[in-house]
$ cat entry22.csv   # CSV, C-alpha atoms and all ligand atoms
chain,number,residue,atom,x,y,z
A,1,MET,CA,39.8,114.8,-58.7
A,2,ASN,CA,36.8,112.6,-59.5
A,3,LYS,CA,36.9,109.0,-58.5
A,4,ILE,CA,37.5,107.6,-62.0
A,5,LEU,CA,40.5,109.9,-62.5
A,6,ILE,CA,41.9,108.9,-59.0
A,7,ASN,CA,41.5,105.2,-60.1
A,8,ILE,CA,43.4,105.8,-63.4
A,9,VAL,CA,46.2,107.7,-61.6
A,10,SER,CA,46.6,105.1,-58.9
A,11,ALA,CA,46.7,102.3,-61.6
A,12,PHE,CA,49.7,104.0,-63.2
A,13,PHE,CA,51.3,105.4,-60.0
A,14,PRO,CA,50.3,103.1,-57.2
A,15,GLU,CA,51.1,104.1,-53.6
A,16,ARG,CA,53.9,102.2,-52.1
A,17,CYS,CA,54.8,101.0,-48.6
A,18,PRO,CA,57.6,103.2,-47.4
A,19,TYR,CA,59.1,100.3,-45.4
A,20,CYS,CA,59.3,97.6,-48.1
A,21,GLY,CA,58.4,99.3,-51.3
A,22,ASP,CA,55.4,97.0,-52.2
A,23,VAL,CA,52.2,98.5,-53.6
A,24,VAL,CA,49.7,99.4,-50.9
A,25,ASN,CA,46.0,100.4,-51.0
A,26,ALA,CA,45.6,104.1,-51.4
A,27,GLY,CA,45.6,106.0,-48.1
A,28,LYS,CA,47.1,103.1,-46.1
A,29,PRO,CA,50.2,104.0,-43.9
A,30,ALA,CA,52.0,100.8,-44.8
A,31,CYS,CA,51.4,97.3,-46.2
A,32,PRO,CA,49.8,94.8,-43.7
A,33,GLU,CA,53.1,92.9,-43.2
A,34,CYS,CA,55.1,96.0,-42.3
A,35,GLU,CA,52.3,97.4,-40.1
A,36,GLU,CA,52.6,94.2,-38.0
A,37,HIS,CA,56.1,95.3,-37.1
A,38,PHE,CA,55.0,98.7,-35.8
A,39,PRO,CA,56.0,98.8,-32.1
A,40,GLU,CA,53.3,99.4,-29.6
A,41,THR,CA,55.3,101.9,-27.6
A,42,ILE,CA,57.2,105.0,-28.9
A,43,ARG,CA,60.8,105.8,-28.2
A,44,GLU,CA,61.3,108.8,-25.9
A,45,GLY,CA,64.4,110.4,-24.3
A,46,HIS,CA,66.6,113.5,-24.2
A,47,VAL,CA,69.0,114.8,-26.8
A,48,ILE,CA,72.2,116.7,-25.8
A,49,GLY,CA,71.2,119.6,-23.6
A,50,GLY,CA,68.3,117.8,-22.0
A,51,TYR,CA,65.6,118.6,-24.7
A,52,ARG,CA,63.0,115.9,-25.0
A,53,TYR,CA,62.6,113.8,-28.1
A,54,THR,CA,60.1,111.3,-29.4
A,55,ALA,CA,60.3,108.8,-32.2
A,56,PRO,CA,57.8,106.2,-33.4
A,57,PHE,CA,60.5,103.6,-34.4
A,58,SER,CA,64.0,102.3,-33.5
A,59,TYR,CA,66.6,102.7,-36.2
A,60,ASN,CA,66.8,99.1,-37.4
A,61,GLY,CA,65.1,96.6,-39.8
A,62,ILE,CA,62.3,97.9,-42.0
A,63,PHE,CA,62.5,101.3,-40.4
A,64,ALA,CA,66.2,101.8,-41.2
A,65,GLU,CA,65.3,100.6,-44.7
A,66,ALA,CA,62.5,103.2,-44.9
A,67,VAL,CA,65.0,106.0,-44.0
A,68,LYS,CA,67.5,104.7,-46.6
A,69,ARG,CA,64.8,104.7,-49.3
A,70,PHE,CA,63.4,108.1,-48.4
A,71,LYS,CA,66.7,109.9,-47.7
A,72,PHE,CA,69.3,108.4,-50.0
A,73,ASN,CA,67.3,106.7,-52.8
A,74,GLY,CA,65.2,109.7,-53.8
A,75,HIS,CA,61.8,108.3,-52.6
A,76,LYS,CA,60.5,111.6,-51.3
A,77,GLU,CA,57.0,110.6,-52.1
A,78,HIS,CA,57.1,108.6,-48.8
A,79,ALA,CA,57.3,111.8,-46.7
A,80,GLU,CA,53.5,112.0,-46.0
A,81,LYS,CA,53.2,108.4,-44.8
A,82,LEU,CA,56.3,108.6,-42.6
A,83,ALA,CA,55.4,112.0,-41.3
A,84,LEU,CA,52.1,110.6,-40.1
A,85,GLN,CA,53.9,108.2,-37.7
A,86,ILE,CA,56.0,111.1,-36.3
A,87,ALA,CA,52.9,113.3,-35.9
A,88,ASN,CA,51.2,110.5,-33.9
A,89,ALA,CA,54.3,110.1,-31.7
A,90,ALA,CA,54.5,113.8,-31.1
A,91,ASN,CA,50.8,113.9,-30.2
A,92,ASP,CA,51.3,111.2,-27.7
A,93,SER,CA,54.5,112.6,-26.1
A,94,PHE,CA,53.8,116.4,-26.2
A,95,ASN,CA,50.0,116.4,-26.1
A,96,ASN,CA,49.9,118.7,-23.1
A,97,THR,CA,52.1,121.4,-24.7
A,98,GLU,CA,50.9,124.2,-26.9
A,99,LEU,CA,53.3,124.2,-29.9
A,100,ASP,CA,53.5,127.4,-31.8
A,101,TYR,CA,55.7,126.3,-34.7
A,102,ILE,CA,57.2,123.2,-36.3
A,103,THR,CA,60.6,123.5,-37.9
A,104,CYS,CA,63.4,121.1,-39.1
A,105,VAL,CA,67.1,120.5,-38.9
A,106,PRO,CA,68.4,122.5,-41.9
A,107,MET,CA,70.8,121.4,-44.6
A,108,HIS,CA,73.7,123.4,-46.0
A,109,LYS,CA,72.8,124.7,-49.5
A,110,LYS,CA,75.6,122.7,-51.1
A,111,GLN,CA,74.3,119.5,-49.6
A,112,LEU,CA,70.7,120.5,-50.6
A,113,LYS,CA,71.8,120.9,-54.2
A,114,GLU,CA,73.4,117.4,-54.2
A,115,ARG,CA,70.4,115.6,-52.7
A,116,GLY,CA,67.7,117.8,-54.2
A,117,TYR,CA,65.6,117.9,-51.1
A,118,ASN,CA,65.9,118.2,-47.3
A,119,GLN,CA,64.2,115.0,-46.1
A,120,SER,CA,63.6,116.6,-42.6
A,121,GLU,CA,61.9,119.6,-44.1
A,122,LEU,CA,59.5,117.4,-46.2
A,123,LEU,CA,58.6,115.5,-43.0
A,124,ALA,CA,58.2,118.7,-41.0
A,125,LYS,CA,55.9,120.2,-43.5
A,126,TYR,CA,53.6,117.2,-43.5
A,127,ILE,CA,53.7,116.9,-39.7
A,128,ALA,CA,52.7,120.6,-39.5
A,129,LYS,CA,49.7,119.9,-41.7
A,130,GLN,CA,48.8,116.8,-39.8
A,131,LEU,CA,49.0,118.5,-36.4
A,132,ASN,CA,47.6,121.8,-37.7
A,133,ILE,CA,50.5,123.8,-36.4
A,134,PRO,CA,52.3,126.3,-38.8
A,135,TYR,CA,55.6,125.2,-40.3
A,136,GLU,CA,58.4,127.9,-40.3
A,137,THR,CA,62.0,128.0,-41.3
A,138,LEU,CA,63.7,129.0,-38.1
A,139,LEU,CA,67.2,127.7,-38.6
A,140,VAL,CA,69.8,127.7,-41.4
A,141,LYS,CA,73.0,125.8,-41.7
A,142,HIS,CA,75.5,128.4,-42.7
A,143,LYS,CA,78.7,126.3,-42.3
A,144,GLU,CA,79.6,123.0,-43.9
A,145,ASN,CA,80.7,120.2,-41.7
A,146,GLN,CA,81.6,116.4,-41.9
A,147,PRO,CA,78.7,113.9,-42.1
A,148,GLN,CA,77.9,113.1,-38.4
A,149,HIS,CA,77.9,109.3,-39.0
A,150,SER,CA,81.6,109.3,-40.0
A,151,LEU,CA,82.7,110.7,-36.6
A,152,THR,CA,83.3,109.5,-33.0
A,153,SER,CA,80.9,110.8,-30.3
A,154,SER,CA,83.2,113.6,-29.1
A,155,GLN,CA,84.0,114.7,-32.7
A,156,LYS,CA,80.3,114.9,-33.3
A,157,ARG,CA,79.9,117.4,-30.5
A,158,ASP,CA,82.5,119.7,-32.0
A,159,ASN,CA,81.4,119.1,-35.6
A,160,VAL,CA,77.9,120.7,-35.0
A,161,LYS,CA,79.1,123.6,-32.9
A,162,GLY,CA,78.4,126.9,-34.7
A,163,VAL,CA,77.1,125.4,-38.0
A,164,TYR,CA,73.5,126.5,-37.4
A,165,LYS,CA,72.0,130.0,-36.9
A,166,ALA,CA,68.5,131.2,-36.1
A,167,VAL,CA,66.4,133.1,-38.6
A,168,ASN,CA,62.9,134.6,-38.3
A,169,THR,CA,63.7,135.2,-34.6
A,170,ASP,CA,60.4,137.1,-34.1
A,171,LYS,CA,58.7,133.7,-34.5
A,172,ILE,CA,61.1,132.0,-32.0
A,173,LYS,CA,60.9,134.5,-29.1
A,174,GLY,CA,58.5,133.4,-26.5
A,175,ASN,CA,57.3,130.4,-28.4
A,176,ASN,CA,57.2,126.6,-28.1
A,177,ILE,CA,58.8,124.9,-31.0
A,178,LEU,CA,59.0,121.3,-32.3
A,179,VAL,CA,62.2,120.5,-34.3
A,180,ILE,CA,62.0,117.6,-36.8
A,181,ASP,CA,64.9,115.3,-38.0
A,182,ASP,CA,64.8,111.9,-39.7
A,183,ILE,CA,67.0,110.0,-37.1
A,184,VAL,CA,68.2,110.8,-33.7
A,185,THR,CA,71.5,109.0,-32.9
A,186,THR,CA,73.9,110.8,-30.5
A,187,GLY,CA,71.5,113.7,-30.2
A,188,HIS,CA,74.2,116.3,-31.0
A,189,THR,CA,72.6,117.7,-34.1
A,190,LEU,CA,69.1,118.1,-32.6
A,191,GLY,CA,70.7,119.3,-29.3
A,192,GLU,CA,72.6,122.0,-31.1
A,193,CYS,CA,69.5,123.1,-33.0
A,194,CYS,CA,67.6,123.3,-29.7
A,195,ARG,CA,70.4,125.3,-28.1
A,196,ILE,CA,70.3,127.9,-30.9
A,197,LEU,CA,66.5,128.1,-30.7
A,198,SER,CA,66.6,128.5,-26.9
A,199,LYS,CA,69.3,131.2,-27.2
A,200,ALA,CA,67.1,133.1,-29.7
A,201,GLY,CA,64.3,133.2,-27.1
A,202,GLY,CA,62.4,129.9,-27.6
A,203,ILE,CA,60.6,128.8,-24.5
A,204,LYS,CA,60.1,125.1,-24.8
A,205,ILE,CA,61.9,123.2,-27.5
A,206,TYR,CA,61.0,119.6,-28.3
A,207,CYS,CA,62.3,117.2,-30.9
A,208,ALA,CA,60.7,114.4,-33.0
A,209,ALA,CA,62.3,112.0,-35.5
A,210,LEU,CA,61.2,109.0,-37.4
A,211,CYS,CA,63.8,106.7,-35.8
A,212,ALA,CA,65.9,106.7,-32.7
A,213,LYS,CA,69.1,104.9,-32.1
A,214,ILE,CA,70.9,106.5,-29.2
A,215,ILE,CA,74.6,106.0,-29.2
A,216,ARG,CA,76.6,108.0,-26.7
B,1,ZN,ZN,55.6,97.0,-46.4
$ encode --input "entry22.csv" --output "structure tokens" --more "lines below"
Ligand SMILES: [Zn+2]
Amino acid sequence: MNKILINIVSAFFPERCPYCGDVVNAGKPACPECEEHFPETIREGHVIGGYRYTAPFSYNGIFAEAVKRFKFNGHKEHAEKLALQIANAANDSFNNTELDYITCVPMHKKQLKERGYNQSELLAKYIAKQLNIPYETLLVKHKENQPQHSLTSSQKRDNVKGVYKAVNTDKIKGNNILVIDDIVTTGHTLGECCRILSKAGGIKIYCAALCAKIIR
């Protein structure tokens, strides 16, 4: 697009800050006020099964608002800006590892129909672009289950058992894979995805999410 056209488009459809919804200058990751709240250190730890995760933000304040806007209020246009923060965290945490593929926590097709998009897939595809690593669908959710946030910790563990299965297993075998989700809470969902990928022959499996709030 030429510059005049870009200016016309941005006048009608200005870019917005994913964390507060205000208009931001084109190409900026956030408005200056929200950017001031970005933490200096990233959140790191282990999901169930001992797989490492990284996340740029804690699940609170403007970051929880960003998830809400992006996931439940239909603002999928924020995917690219949010993905950039996850890509940076993954770069910091897993820099010394050759990643072969990026994939995401899948949604059941019924749930996908209701929401219209899988927020984790949108993030994963932009992260793949930003890190220059191919995106691949490596998991599907073939069974419906209860939403994880409505359950106790032990129920969450049972709730995710057997709901995912590996696909494109030739791309899993012998490879290092990064799995993307929007939030890591108990780590049961990501842990189960990692377990399935490991069982299908994945070597090193890592996780990255936008926000982390570990509750065990
Ligand atoms: Zn903002």
$ atom_distance --input "entry22.csv" --atom1 "CA of Gly174 in chain A" --atom2 "CA of Leu197 in chain A"
10.5 Å
$ closest_atom_pairs --input "entry22.csv" --of "chain A" --to "ligand ZN 1 (chain B)" --cutoff "7 Å" --atoms "all atoms listed in the file" --output "CSV"
residue,atom,partner,partner_atom,distance
A:Cys17,CA,B:ZN1,ZN,4.6
A:Pro18,CA,B:ZN1,ZN,6.6
A:Tyr19,CA,B:ZN1,ZN,4.9
A:Cys20,CA,B:ZN1,ZN,4.1
A:Gly21,CA,B:ZN1,ZN,6.1
A:Asp22,CA,B:ZN1,ZN,5.8
A:Ala30,CA,B:ZN1,ZN,5.5
A:Cys31,CA,B:ZN1,ZN,4.2
A:Pro32,CA,B:ZN1,ZN,6.8
A:Glu33,CA,B:ZN1,ZN,5.8
A:Cys34,CA,B:ZN1,ZN,4.2
$ residues_around --input "entry22.csv" --residues "range 119-134 of chain A" --least-positions-apart "5" --cutoff "10 Å" --atoms "all atoms listed in the file" --output "tab-separated table (two decimals) with C-alpha atoms, keeping the file's coordinate frame"
chain	number	residue	atom	x	y	z
A	67	VAL	CA	65.00	106.00	-44.00
A	70	PHE	CA	63.40	108.10	-48.40
A	71	LYS	CA	66.70	109.90	-47.70
A	72	PHE	CA	69.30	108.40	-50.00
A	74	GLY	CA	65.20	109.70	-53.80
A	75	HIS	CA	61.80	108.30	-52.60
A	76	LYS	CA	60.50	111.60	-51.30
A	77	GLU	CA	57.00	110.60	-52.10
A	78	HIS	CA	57.10	108.60	-48.80
A	79	ALA	CA	57.30	111.80	-46.70
A	80	GLU	CA	53.50	112.00	-46.00
A	81	LYS	CA	53.20	108.40	-44.80
A	82	LEU	CA	56.30	108.60	-42.60
A	83	ALA	CA	55.40	112.00	-41.30
A	84	LEU	CA	52.10	110.60	-40.10
A	85	GLN	CA	53.90	108.20	-37.70
A	86	ILE	CA	56.00	111.10	-36.30
A	87	ALA	CA	52.90	113.30	-35.90
A	88	ASN	CA	51.20	110.50	-33.90
A	90	ALA	CA	54.50	113.80	-31.10
A	91	ASN	CA	50.80	113.90	-30.20
A	98	GLU	CA	50.90	124.20	-26.90
A	99	LEU	CA	53.30	124.20	-29.90
A	100	ASP	CA	53.50	127.40	-31.80
A	101	TYR	CA	55.70	126.30	-34.70
A	102	ILE	CA	57.20	123.20	-36.30
A	103	THR	CA	60.60	123.50	-37.90
A	104	CYS	CA	63.40	121.10	-39.10
A	105	VAL	CA	67.10	120.50	-38.90
A	106	PRO	CA	68.40	122.50	-41.90
A	107	MET	CA	70.80	121.40	-44.60
A	112	LEU	CA	70.70	120.50	-50.60
A	177	ILE	CA	58.80	124.90	-31.00
A	178	LEU	CA	59.00	121.30	-32.30
A	179	VAL	CA	62.20	120.50	-34.30
A	180	ILE	CA	62.00	117.60	-36.80
A	181	ASP	CA	64.90	115.30	-38.00
A	182	ASP	CA	64.80	111.90	-39.70
A	183	ILE	CA	67.00	110.00	-37.10
A	208	ALA	CA	60.70	114.40	-33.00
A	209	ALA	CA	62.30	112.00	-35.50
A	210	LEU	CA	61.20	109.00	-37.40
$ atom_distance --input "entry22.csv" --atom1 "CA of Gly27 in chain A" --atom2 "CA of Tyr135 in chain A"
23.0 Å
$ atom_distance --input "entry22.csv" --atom1 "CA of Pro29 in chain A" --atom2 "CA of Thr185 in chain A"
24.5 Å
$ residues_around --input "entry22.csv" --residues "Val160 in chain A" --least-positions-apart "6" --cutoff "10 Å" --atoms "only C-alpha atoms" --output "list in words"
Lys141, Lys143, Glu144, Asn145, Gln146, Pro147, Gln148, His188, Thr189, Leu190, Gly191, Glu192 and Cys193 of chain A
$ closest_residue --input "entry22.csv" --among "A:Ser93, A:Ile196, A:Arg69, A:Lys113" --to "Ala55 in chain A" --atoms "all atoms listed in the file"
A:Ser93
$ decode --input "entry22.csv" --residues "range 120-213 of chain A" --atoms "C-alpha atoms" --output "mmCIF file, in the first residue's frame"
data_model
loop_
_atom_site.group_PDB
_atom_site.id
_atom_site.type_symbol
_atom_site.label_atom_id
_atom_site.label_comp_id
_atom_site.auth_asym_id
_atom_site.auth_seq_id
_atom_site.Cartn_x
_atom_site.Cartn_y
_atom_site.Cartn_z
ATOM 1 C CA SER A 120 -4.367 -19.415 20.786
ATOM 2 C CA GLU A 121 -4.082 -20.321 17.105
ATOM 3 C CA LEU A 122 -4.126 -16.650 16.069
ATOM 4 C CA LEU A 123 -1.358 -15.929 18.584
ATOM 5 C CA ALA A 124 0.655 -18.990 17.522
ATOM 6 C CA LYS A 125 0.546 -18.046 13.831
ATOM 7 C CA TYR A 126 1.852 -14.530 14.508
ATOM 8 C CA ILE A 127 4.498 -15.857 16.919
ATOM 9 C CA ALA A 128 5.612 -18.295 14.203
ATOM 10 C CA LYS A 129 5.983 -15.387 11.782
ATOM 11 C CA GLN A 130 7.816 -13.232 14.304
ATOM 12 C CA LEU A 131 10.231 -16.035 15.291
ATOM 13 C CA ASN A 132 10.545 -17.316 11.718
ATOM 14 C CA ILE A 133 9.598 -20.874 12.750
ATOM 15 C CA PRO A 134 6.870 -22.780 10.870
ATOM 16 C CA TYR A 135 3.389 -23.036 12.399
ATOM 17 C CA GLU A 136 1.780 -26.463 12.219
ATOM 18 C CA THR A 137 -1.463 -27.992 13.522
ATOM 19 C CA LEU A 138 -0.151 -30.857 15.650
ATOM 20 C CA LEU A 139 -3.059 -31.385 18.053
ATOM 21 C CA VAL A 140 -6.823 -31.606 17.780
ATOM 22 C CA LYS A 141 -9.406 -31.599 20.535
ATOM 23 C CA HIS A 142 -11.617 -34.541 19.700
ATOM 24 C CA LYS A 143 -13.670 -34.627 22.900
ATOM 25 C CA GLU A 144 -15.698 -31.883 24.522
ATOM 26 C CA ASN A 145 -15.099 -31.087 28.189
ATOM 27 C CA GLN A 146 -16.107 -28.576 30.867
ATOM 28 C CA PRO A 147 -14.442 -25.123 30.791
ATOM 29 C CA GLN A 148 -11.349 -25.466 33.014
ATOM 30 C CA HIS A 149 -12.043 -22.261 34.999
ATOM 31 C CA SER A 150 -15.269 -23.766 36.417
ATOM 32 C CA LEU A 151 -13.484 -26.700 38.113
ATOM 33 C CA THR A 152 -11.309 -27.467 41.141
ATOM 34 C CA SER A 153 -7.661 -28.364 40.615
ATOM 35 C CA SER A 154 -8.117 -32.144 40.797
ATOM 36 C CA GLN A 155 -11.193 -31.970 38.542
ATOM 37 C CA LYS A 156 -9.111 -29.981 36.038
ATOM 38 C CA ARG A 157 -6.580 -32.784 35.827
ATOM 39 C CA ASP A 158 -9.254 -35.358 34.996
ATOM 40 C CA ASN A 159 -11.133 -32.939 32.732
ATOM 41 C CA VAL A 160 -8.289 -32.655 30.184
ATOM 42 C CA LYS A 161 -7.312 -36.357 30.143
ATOM 43 C CA GLY A 162 -7.845 -37.863 26.702
ATOM 44 C CA VAL A 163 -9.481 -34.822 25.079
ATOM 45 C CA TYR A 164 -6.536 -34.072 22.745
ATOM 46 C CA LYS A 165 -4.881 -36.202 20.113
ATOM 47 C CA ALA A 166 -1.801 -35.767 17.950
ATOM 48 C CA VAL A 167 -2.056 -35.179 14.199
ATOM 49 C CA ASN A 168 0.665 -34.733 11.560
ATOM 50 C CA THR A 169 2.824 -37.001 13.705
ATOM 51 C CA ASP A 170 5.626 -37.060 11.089
ATOM 52 C CA LYS A 171 6.199 -33.412 12.055
ATOM 53 C CA ILE A 172 6.221 -34.223 15.797
ATOM 54 C CA LYS A 173 8.665 -37.169 15.758
ATOM 55 C CA GLY A 174 12.205 -36.137 16.634
ATOM 56 C CA ASN A 175 11.354 -32.433 16.782
ATOM 57 C CA ASN A 176 11.354 -29.603 19.327
ATOM 58 C CA ILE A 177 7.970 -27.921 19.619
ATOM 59 C CA LEU A 178 6.620 -24.747 21.231
ATOM 60 C CA VAL A 179 2.943 -24.907 22.294
ATOM 61 C CA ILE A 180 0.999 -21.633 22.602
ATOM 62 C CA ASP A 181 -1.979 -20.831 24.821
ATOM 63 C CA ASP A 182 -3.453 -17.526 25.983
ATOM 64 C CA ILE A 183 -3.181 -18.132 29.767
ATOM 65 C CA VAL A 184 -1.444 -20.703 31.916
ATOM 66 C CA THR A 185 -3.266 -21.230 35.226
ATOM 67 C CA THR A 186 -3.008 -24.707 36.711
ATOM 68 C CA GLY A 187 -0.903 -25.901 33.787
ATOM 69 C CA HIS A 188 -3.127 -28.945 33.266
ATOM 70 C CA THR A 189 -4.216 -28.016 29.725
ATOM 71 C CA LEU A 190 -0.717 -27.218 28.461
ATOM 72 C CA GLY A 191 0.692 -30.177 30.423
ATOM 73 C CA GLU A 192 -1.707 -32.551 28.708
ATOM 74 C CA CYS A 193 -0.864 -31.097 25.273
ATOM 75 C CA CYS A 194 2.853 -31.553 26.002
ATOM 76 C CA ARG A 195 2.276 -35.119 27.189
ATOM 77 C CA ILE A 196 0.485 -36.005 23.933
ATOM 78 C CA LEU A 197 3.228 -34.399 21.827
ATOM 79 C CA SER A 198 5.924 -36.249 23.810
ATOM 80 C CA LYS A 199 4.082 -39.530 23.409
ATOM 81 C CA ALA A 200 3.941 -38.921 19.650
ATOM 82 C CA GLY A 201 7.739 -38.639 19.567
ATOM 83 C CA GLY A 202 8.398 -34.955 20.266
ATOM 84 C CA ILE A 203 11.841 -34.396 21.825
ATOM 85 C CA LYS A 204 11.697 -31.093 23.701
ATOM 86 C CA ILE A 205 8.295 -29.539 24.268
ATOM 87 C CA TYR A 206 7.999 -25.984 25.589
ATOM 88 C CA CYS A 207 5.042 -23.715 26.343
ATOM 89 C CA ALA A 208 4.409 -20.008 26.020
ATOM 90 C CA ALA A 209 1.358 -17.958 26.922
ATOM 91 C CA LEU A 210 0.441 -14.293 27.166
ATOM 92 C CA CYS A 211 -0.340 -14.427 30.902
ATOM 93 C CA ALA A 212 0.546 -16.718 33.759
ATOM 94 C CA LYS A 213 -1.338 -17.177 36.982
#
